[in-house]
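Quick look at entry-v1.csv (CSV, C-alpha atoms):
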```csv
chain,number,residue,atom,x,y,z
A,1,LYS,CA,158.7,95.9,-105.1
A,2,GLN,CA,158.6,94.6,-101.6
A,3,GLU,CA,156.1,91.8,-100.9
A,4,VAL,CA,155.3,90.3,-97.5
A,5,THR,CA,153.7,86.9,-97.2
A,6,GLN,CA,152.4,85.2,-94.1
A,7,ILE,CA,151.8,81.5,-93.7
A,8,PRO,CA,149.6,80.0,-92.6
A,9,ALA,CA,146.6,82.3,-93.2
A,10,ALA,CA,144.7,80.7,-90.3
A,11,LEU,CA,145.7,78.4,-87.4
A,12,SER,CA,143.7,76.6,-84.7
A,13,VAL,CA,145.5,75.1,-81.7
A,14,PRO,CA,144.5,73.9,-78.2
A,15,GLU,CA,145.4,75.9,-75.2
A,16,GLY,CA,149.0,75.3,-74.0
A,17,GLU,CA,150.6,74.6,-77.3
A,18,ASN,CA,153.7,76.3,-78.5
A,19,LEU,CA,153.3,77.7,-82.1
A,20,VAL,CA,155.2,79.5,-84.8
A,21,LEU,CA,153.9,82.0,-87.3
A,22,ASN,CA,155.9,82.6,-90.4
A,23,CYS,CA,156.6,85.8,-92.4
A,24,SER,CA,158.6,86.1,-95.5
A,25,PHE,CA,159.6,89.2,-97.5
A,26,THR,CA,161.1,89.5,-101.0
A,27,ASP,CA,163.6,92.4,-100.6
A,28,SER,CA,166.1,91.9,-97.8
A,29,ALA,CA,167.0,95.6,-97.7
A,30,ILE,CA,164.8,96.4,-94.8
A,31,TYR,CA,165.3,98.9,-91.9
A,32,ASN,CA,163.1,97.0,-89.4
A,33,LEU,CA,160.4,94.4,-89.1
A,34,GLN,CA,157.4,94.8,-86.8
A,35,TRP,CA,154.9,92.2,-85.5
A,36,PHE,CA,151.4,93.4,-84.6
A,37,ARG,CA,148.3,91.9,-83.1
A,38,GLN,CA,144.8,92.9,-84.3
A,39,ASP,CA,141.7,92.0,-82.4
A,40,PRO,CA,138.3,92.0,-84.4
A,41,GLY,CA,137.1,95.5,-85.0
A,42,LYS,CA,140.1,97.0,-83.3
A,43,GLY,CA,143.3,98.8,-84.3
A,44,LEU,CA,146.8,97.3,-84.3
A,45,THR,CA,148.8,96.6,-81.2
A,46,SER,CA,152.6,96.6,-81.7
A,47,LEU,CA,154.1,93.4,-80.2
A,48,LEU,CA,157.8,93.4,-81.2
A,49,LEU,CA,160.1,95.5,-83.3
A,50,ILE,CA,163.3,94.0,-84.7
A,51,GLN,CA,165.9,96.3,-86.2
A,52,SER,CA,167.7,95.0,-89.2
A,53,SER,CA,170.9,94.5,-87.2
A,54,GLN,CA,169.2,92.3,-84.7
A,55,ARG,CA,168.4,88.6,-84.8
A,56,GLU,CA,165.6,88.4,-82.3
A,57,GLN,CA,163.5,90.2,-79.8
A,58,THR,CA,161.6,88.8,-76.8
A,59,SER,CA,158.6,90.0,-74.8
A,60,GLY,CA,157.0,87.7,-72.3
A,61,ARG,CA,155.8,84.5,-74.1
A,62,LEU,CA,156.6,86.0,-77.5
A,63,ASN,CA,159.9,85.7,-79.4
A,64,ALA,CA,160.4,87.1,-82.8
A,65,SER,CA,163.4,86.2,-85.0
A,66,LEU,CA,164.8,87.8,-88.1
A,67,ASP,CA,166.9,86.3,-90.8
A,68,LYS,CA,167.3,89.2,-93.2
A,69,SER,CA,169.5,87.5,-95.7
A,70,SER,CA,166.9,84.8,-96.4
A,71,GLY,CA,163.9,87.2,-96.0
A,72,ARG,CA,162.2,85.5,-93.2
A,73,SER,CA,160.9,86.2,-89.7
A,74,THR,CA,159.1,84.0,-87.2
A,75,LEU,CA,156.9,84.8,-84.3
A,76,TYR,CA,157.0,82.1,-81.6
A,77,ILE,CA,154.2,82.0,-79.0
A,78,ALA,CA,154.9,79.8,-76.0
A,79,ALA,CA,152.1,78.2,-74.0
A,80,SER,CA,149.3,79.6,-76.0
A,81,GLN,CA,146.2,80.9,-74.2
A,82,PRO,CA,142.6,81.7,-75.5
A,83,GLY,CA,143.4,85.3,-75.0
A,84,ASP,CA,146.1,85.0,-77.7
A,85,SER,CA,143.3,84.5,-80.3
A,86,ALA,CA,143.7,87.4,-82.8
A,87,THR,CA,145.1,88.2,-86.2
A,88,TYR,CA,148.9,88.6,-86.2
A,89,LEU,CA,150.4,90.9,-88.8
A,90,CYS,CA,154.0,91.1,-90.0
A,91,ALA,CA,155.2,94.4,-91.5
A,92,VAL,CA,158.6,95.6,-92.9
A,93,GLU,CA,160.0,99.0,-93.3
A,94,SER,CA,162.3,99.6,-96.2
A,95,ASN,CA,165.9,100.5,-95.8
A,96,GLN,CA,165.6,103.9,-94.3
A,97,ALA,CA,163.9,105.1,-91.2
A,98,GLY,CA,160.5,106.6,-91.3
A,99,THR,CA,159.0,105.0,-94.4
A,100,ALA,CA,155.7,103.3,-94.7
A,101,LEU,CA,155.2,99.7,-93.5
A,102,ILE,CA,154.5,97.0,-96.0
A,103,PHE,CA,152.1,94.5,-94.4
A,104,GLY,CA,151.4,90.8,-94.9
A,105,LYS,CA,147.8,89.7,-94.9
A,106,GLY,CA,148.1,88.2,-91.5
A,107,THR,CA,147.6,84.9,-89.7
A,108,THR,CA,144.4,84.4,-87.8
A,109,LEU,CA,145.0,82.4,-84.7
A,110,SER,CA,142.4,80.6,-82.7
A,111,VAL,CA,143.3,79.1,-79.3
A,112,SER,CA,140.7,76.8,-77.8
A,113,SER,CA,140.3,76.1,-74.1
B,1,GLY,CA,146.5,111.2,-74.3
B,2,ALA,CA,149.0,108.3,-74.2
B,3,GLY,CA,148.1,106.8,-77.6
B,4,VAL,CA,147.1,107.7,-81.1
B,5,SER,CA,143.4,108.7,-81.3
B,6,GLN,CA,141.1,108.9,-84.3
B,7,SER,CA,137.7,110.3,-84.8
B,8,PRO,CA,135.0,109.5,-85.6
B,9,SER,CA,135.2,105.8,-84.8
B,10,ASN,CA,132.5,105.1,-87.4
B,11,LYS,CA,131.3,107.1,-90.3
B,12,VAL,CA,128.4,106.3,-92.6
B,13,THR,CA,128.0,108.5,-95.7
B,14,GLU,CA,126.2,108.5,-99.0
B,15,LYS,CA,127.9,108.1,-102.2
B,16,GLY,CA,129.2,111.4,-103.6
B,17,LYS,CA,129.6,113.1,-100.2
B,18,ASP,CA,132.9,114.4,-98.8
B,19,VAL,CA,134.2,113.0,-95.5
B,20,GLU,CA,137.0,114.1,-93.2
B,21,LEU,CA,138.8,111.7,-90.8
B,22,ARG,CA,140.9,113.0,-88.0
B,23,CYS,CA,144.1,111.7,-86.3
B,24,ASP,CA,145.8,112.9,-83.2
B,25,PRO,CA,149.3,111.3,-83.0
B,26,ILE,CA,151.3,110.6,-79.9
B,27,SER,CA,152.8,113.8,-78.5
B,28,GLY,CA,156.3,114.3,-79.8
B,29,HIS,CA,156.1,111.8,-82.6
B,30,THR,CA,157.5,113.4,-85.8
B,31,ALA,CA,156.1,111.0,-88.3
B,32,LEU,CA,152.4,110.3,-89.1
B,33,TYR,CA,151.0,107.7,-91.5
B,34,TRP,CA,147.6,106.9,-92.9
B,35,TYR,CA,146.7,103.4,-94.0
B,36,ARG,CA,143.6,101.7,-95.3
B,37,GLN,CA,142.3,98.2,-94.5
B,38,SER,CA,139.6,96.9,-96.8
B,39,LEU,CA,137.7,93.7,-96.3
B,40,GLY,CA,139.7,90.9,-97.6
B,41,GLN,CA,142.6,93.1,-98.4
B,42,GLY,CA,145.8,93.7,-96.4
B,43,LEU,CA,146.7,97.1,-95.0
B,44,GLU,CA,147.8,99.5,-97.6
B,45,PHE,CA,149.8,102.7,-97.2
B,46,LEU,CA,148.1,105.9,-98.2
B,47,ILE,CA,150.2,108.9,-97.1
B,48,TYR,CA,153.1,109.8,-94.8
B,49,PHE,CA,154.2,113.0,-93.1
B,50,GLN,CA,157.6,113.5,-91.6
B,51,GLY,CA,158.2,116.8,-89.7
B,52,ASN,CA,158.1,119.8,-92.0
B,53,SER,CA,159.0,117.8,-95.1
B,54,ALA,CA,156.7,117.4,-98.1
B,55,PRO,CA,154.4,114.4,-97.5
B,56,ASP,CA,154.9,111.2,-99.4
B,57,LYS,CA,151.6,110.8,-101.2
B,58,SER,CA,152.6,107.8,-103.3
B,59,GLY,CA,149.9,105.5,-101.8
B,60,LEU,CA,146.9,107.7,-102.4
B,61,PRO,CA,144.6,105.7,-104.7
B,62,SER,CA,143.1,108.8,-106.6
B,63,ASP,CA,143.0,112.5,-106.5
B,64,ARG,CA,139.8,112.4,-104.5
B,65,PHE,CA,142.0,111.6,-101.5
B,66,SER,CA,144.0,114.3,-99.7
B,67,ALA,CA,145.5,114.9,-96.3
B,68,GLU,CA,147.1,117.6,-94.3
B,69,ARG,CA,148.9,117.9,-91.1
B,70,THR,CA,148.6,121.2,-89.2
B,71,GLY,CA,151.3,122.4,-86.9
B,72,GLY,CA,153.2,119.1,-87.1
B,73,SER,CA,150.5,117.4,-85.0
B,74,VAL,CA,146.9,116.7,-85.9
B,75,SER,CA,146.2,115.3,-89.4
B,76,THR,CA,143.0,115.2,-91.4
B,77,LEU,CA,142.3,112.8,-94.3
B,78,THR,CA,139.7,114.0,-96.7
B,79,ILE,CA,137.9,111.9,-99.3
B,80,GLN,CA,135.9,113.8,-101.8
B,81,ARG,CA,133.0,112.5,-103.8
B,82,THR,CA,133.1,109.2,-101.9
B,83,GLN,CA,132.5,105.9,-103.8
B,84,GLN,CA,131.4,102.6,-102.4
B,85,GLU,CA,134.9,101.1,-102.9
B,86,ASP,CA,136.2,103.7,-100.4
B,87,SER,CA,134.4,101.7,-97.7
B,88,ALA,CA,137.2,100.5,-95.4
B,89,VAL,CA,138.8,101.0,-92.0
B,90,TYR,CA,141.2,104.0,-92.1
B,91,LEU,CA,144.1,103.6,-89.7
B,92,CYS,CA,146.5,106.3,-88.5
B,93,ALA,CA,149.9,105.6,-87.0
B,94,SER,CA,152.7,107.7,-85.6
B,95,SER,CA,156.3,107.1,-84.8
B,96,SER,CA,159.4,108.7,-83.3
B,97,LEU,CA,162.8,108.6,-85.0
B,98,LEU,CA,163.3,105.1,-83.7
B,99,GLY,CA,160.8,103.9,-86.2
B,100,GLU,CA,158.3,101.8,-84.2
B,101,GLN,CA,154.8,102.7,-85.4
B,102,PHE,CA,151.9,102.9,-83.0
B,103,PHE,CA,148.4,102.7,-84.4
B,104,GLY,CA,145.1,104.3,-83.5
B,105,PRO,CA,141.8,102.4,-83.3
B,106,GLY,CA,140.8,103.4,-86.8
B,107,THR,CA,137.8,104.9,-88.4
B,108,ARG,CA,135.3,102.5,-90.1
B,109,LEU,CA,133.9,104.3,-93.2
B,110,THR,CA,130.8,102.9,-94.9
B,111,VAL,CA,129.7,104.5,-98.1
B,112,LEU,CA,126.1,103.6,-99.1
```
Whole structure given in structure tokens:
Amino acid sequence: KQEVTQIPAALSVPEGENLVLNCSFTDSAIYNLQWFRQDPGKGLTSLLLIQSSQREQTSGRLNASLDKSSGRSTLYIAASQPGDSATYLCAVESNQAGTALIFGKGTTLSVSS
Amino acid sequence: GAGVSQSPSNKVTEKGKDVELRCDPISGHTALYWYRQSLGQGLEFLIYFQGNSAPDKSGLPSDRFSAERTGGSVSTLTIQRTQQEDSAVYLCASSSLLGEQFFGPGTRLTVL
């Protein structure tokens, strides 16, 4: 059974710092991995999708990497801003398209000005 | 609309009542998913629809939960005889064949 773990559960940093959020999964037979952002009381916003054949994806100040064989992904946030404060969720889709996502419990990020 | 929409945004009901939650997916998306997010818990999968195929109901927690998707578009999640442990945020997502899932804002259900 696929399990997704995110470390740390919470992180506080001053504005301007670069930071890394970690995600690990137990079954390497994944179709893709998706990073989401969730603001309090809101739904999920998709940040980056990495297909199993890819090693990384970039969007603005965000870079997500995937090491499928070791069951790990990282989300790198450059030059953090207070507006980045949110919960970041990692989710994997099993080895075929169109199946349910298995989520980690998230990392809650607080960026202070 | 451009994104996934859900209604109502908030629902307060009494224990034992039935509730219906609605999801409008992104136009053209063939797959539709329901998830539940409980306080202190992660997001858990409930049910998945793909085109005209039989839905994957493997995540439904009990037979009080059911869902249907009419015309391959709008979906309704029904919870019968609600219990306090059903209180949660119910999230709907849709995706195209490429697999990236897009989520709606959710329905916050409170069972008194």
Suppose you want the space between atom CA of A:Thr107 and atom CA of B:Glu44; what is it in Å?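 A separation of 16.6 Å between them.
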What is the distance, in Å and to one decimal place, between atom CA of B:Ser75 and atom CA of B:Leu112? 25.2 Å
Could you list, as a count of residues only, every residue of chain A that has an atom within 7 Å of an atom of chain B, counting all atoms listed in the file? 12
Kindly extract all protein, DNA and RNA residues lying within 9 Å of the coordinates (140.5, 120.4, -95.3) given in the file, considering only C-alpha atoms, and supply them as a VMD selection string. chain B and resid 20 66 to 68 76 to 78
Kindly give the distance, in Å, that separates atom CA of B:Gly51 and atom CA of B:Ser9, rounded to a single decimal. 26.0 Å
Quick one: everything within 8 Å of A:Tyr76, counting only C-alpha atoms, minus sequence neighbours fewer than 2 positions away in the same chain. Send it as a ChimeraX atom specification. /A:18-21,61-64,74,78
What residues have an atom no more than 10 Å from (162.7, 92.7, -99.5) in the file's own frame, counting only C-alpha atoms, and can you write them as a PyMOL selection string? chain A and resi 1-4+24-30+68-72+92-95+102
Using C-alpha atoms, can you export the residues from the last selection as a compact mmCIF listing (two decimals), keeping the file's coordinate frame?
```
# COMPACT_ATOMS: atom_id res chain seq x y z
CA LYS A 1 158.70 95.90 -105.10
CA GLN A 2 158.60 94.60 -101.60
CA GLU A 3 156.10 91.80 -100.90
CA VAL A 4 155.30 90.30 -97.50
CA SER A 24 158.60 86.10 -95.50
CA PHE A 25 159.60 89.20 -97.50
CA THR A 26 161.10 89.50 -101.00
CA ASP A 27 163.60 92.40 -100.60
CA SER A 28 166.10 91.90 -97.80
CA ALA A 29 167.00 95.60 -97.70
CA ILE A 30 164.80 96.40 -94.80
CA LYS A 68 167.30 89.20 -93.20
CA SER A 69 169.50 87.50 -95.70
CA SER A 70 166.90 84.80 -96.40
CA GLY A 71 163.90 87.20 -96.00
CA ARG A 72 162.20 85.50 -93.20
CA VAL A 92 158.60 95.60 -92.90
CA GLU A 93 160.00 99.00 -93.30
CA SER A 94 162.30 99.60 -96.20
CA ASN A 95 165.90 100.50 -95.80
CA ILE A 102 154.50 97.00 -96.00
```
Excluding same-chain residues fewer than 5 positions from B:Val111, what lies within 10 Å of it counting all atoms listed in the file, as JSON, numbers by chain? {"B": [11, 12, 13, 14, 15, 16, 17, 19, 82, 83, 84, 85, 86, 87, 88]}
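Comparing A:Leu47, A:Cys23, A:Tyr88, A:Trp35 by their smallest distance to A:Asp67, the closest is A:Cys23 (using only C-alpha atoms).
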Write out as a list in words the residues lying within 8 Å of A:Ser113, counting all atoms listed in the file and excluding same-chain residues fewer than 5 positions away. Pro14, Glu15, Gln81 and Pro82 of chain A
Go through B:Asn52, B:Ser5, B:Ser73, B:Ser58 and flag the residue nearest B:His29, using only C-alpha atoms for the distances.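 Result for the nearest residue to B:His29: B:Ser73.
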When distances are computed from only C-alpha atoms, which of B:Ile26, B:Ala2, B:Ile79, B:Leu109 shows the smallest separation from B:Ser38?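 Nearest to B:Ser38: B:Leu109.
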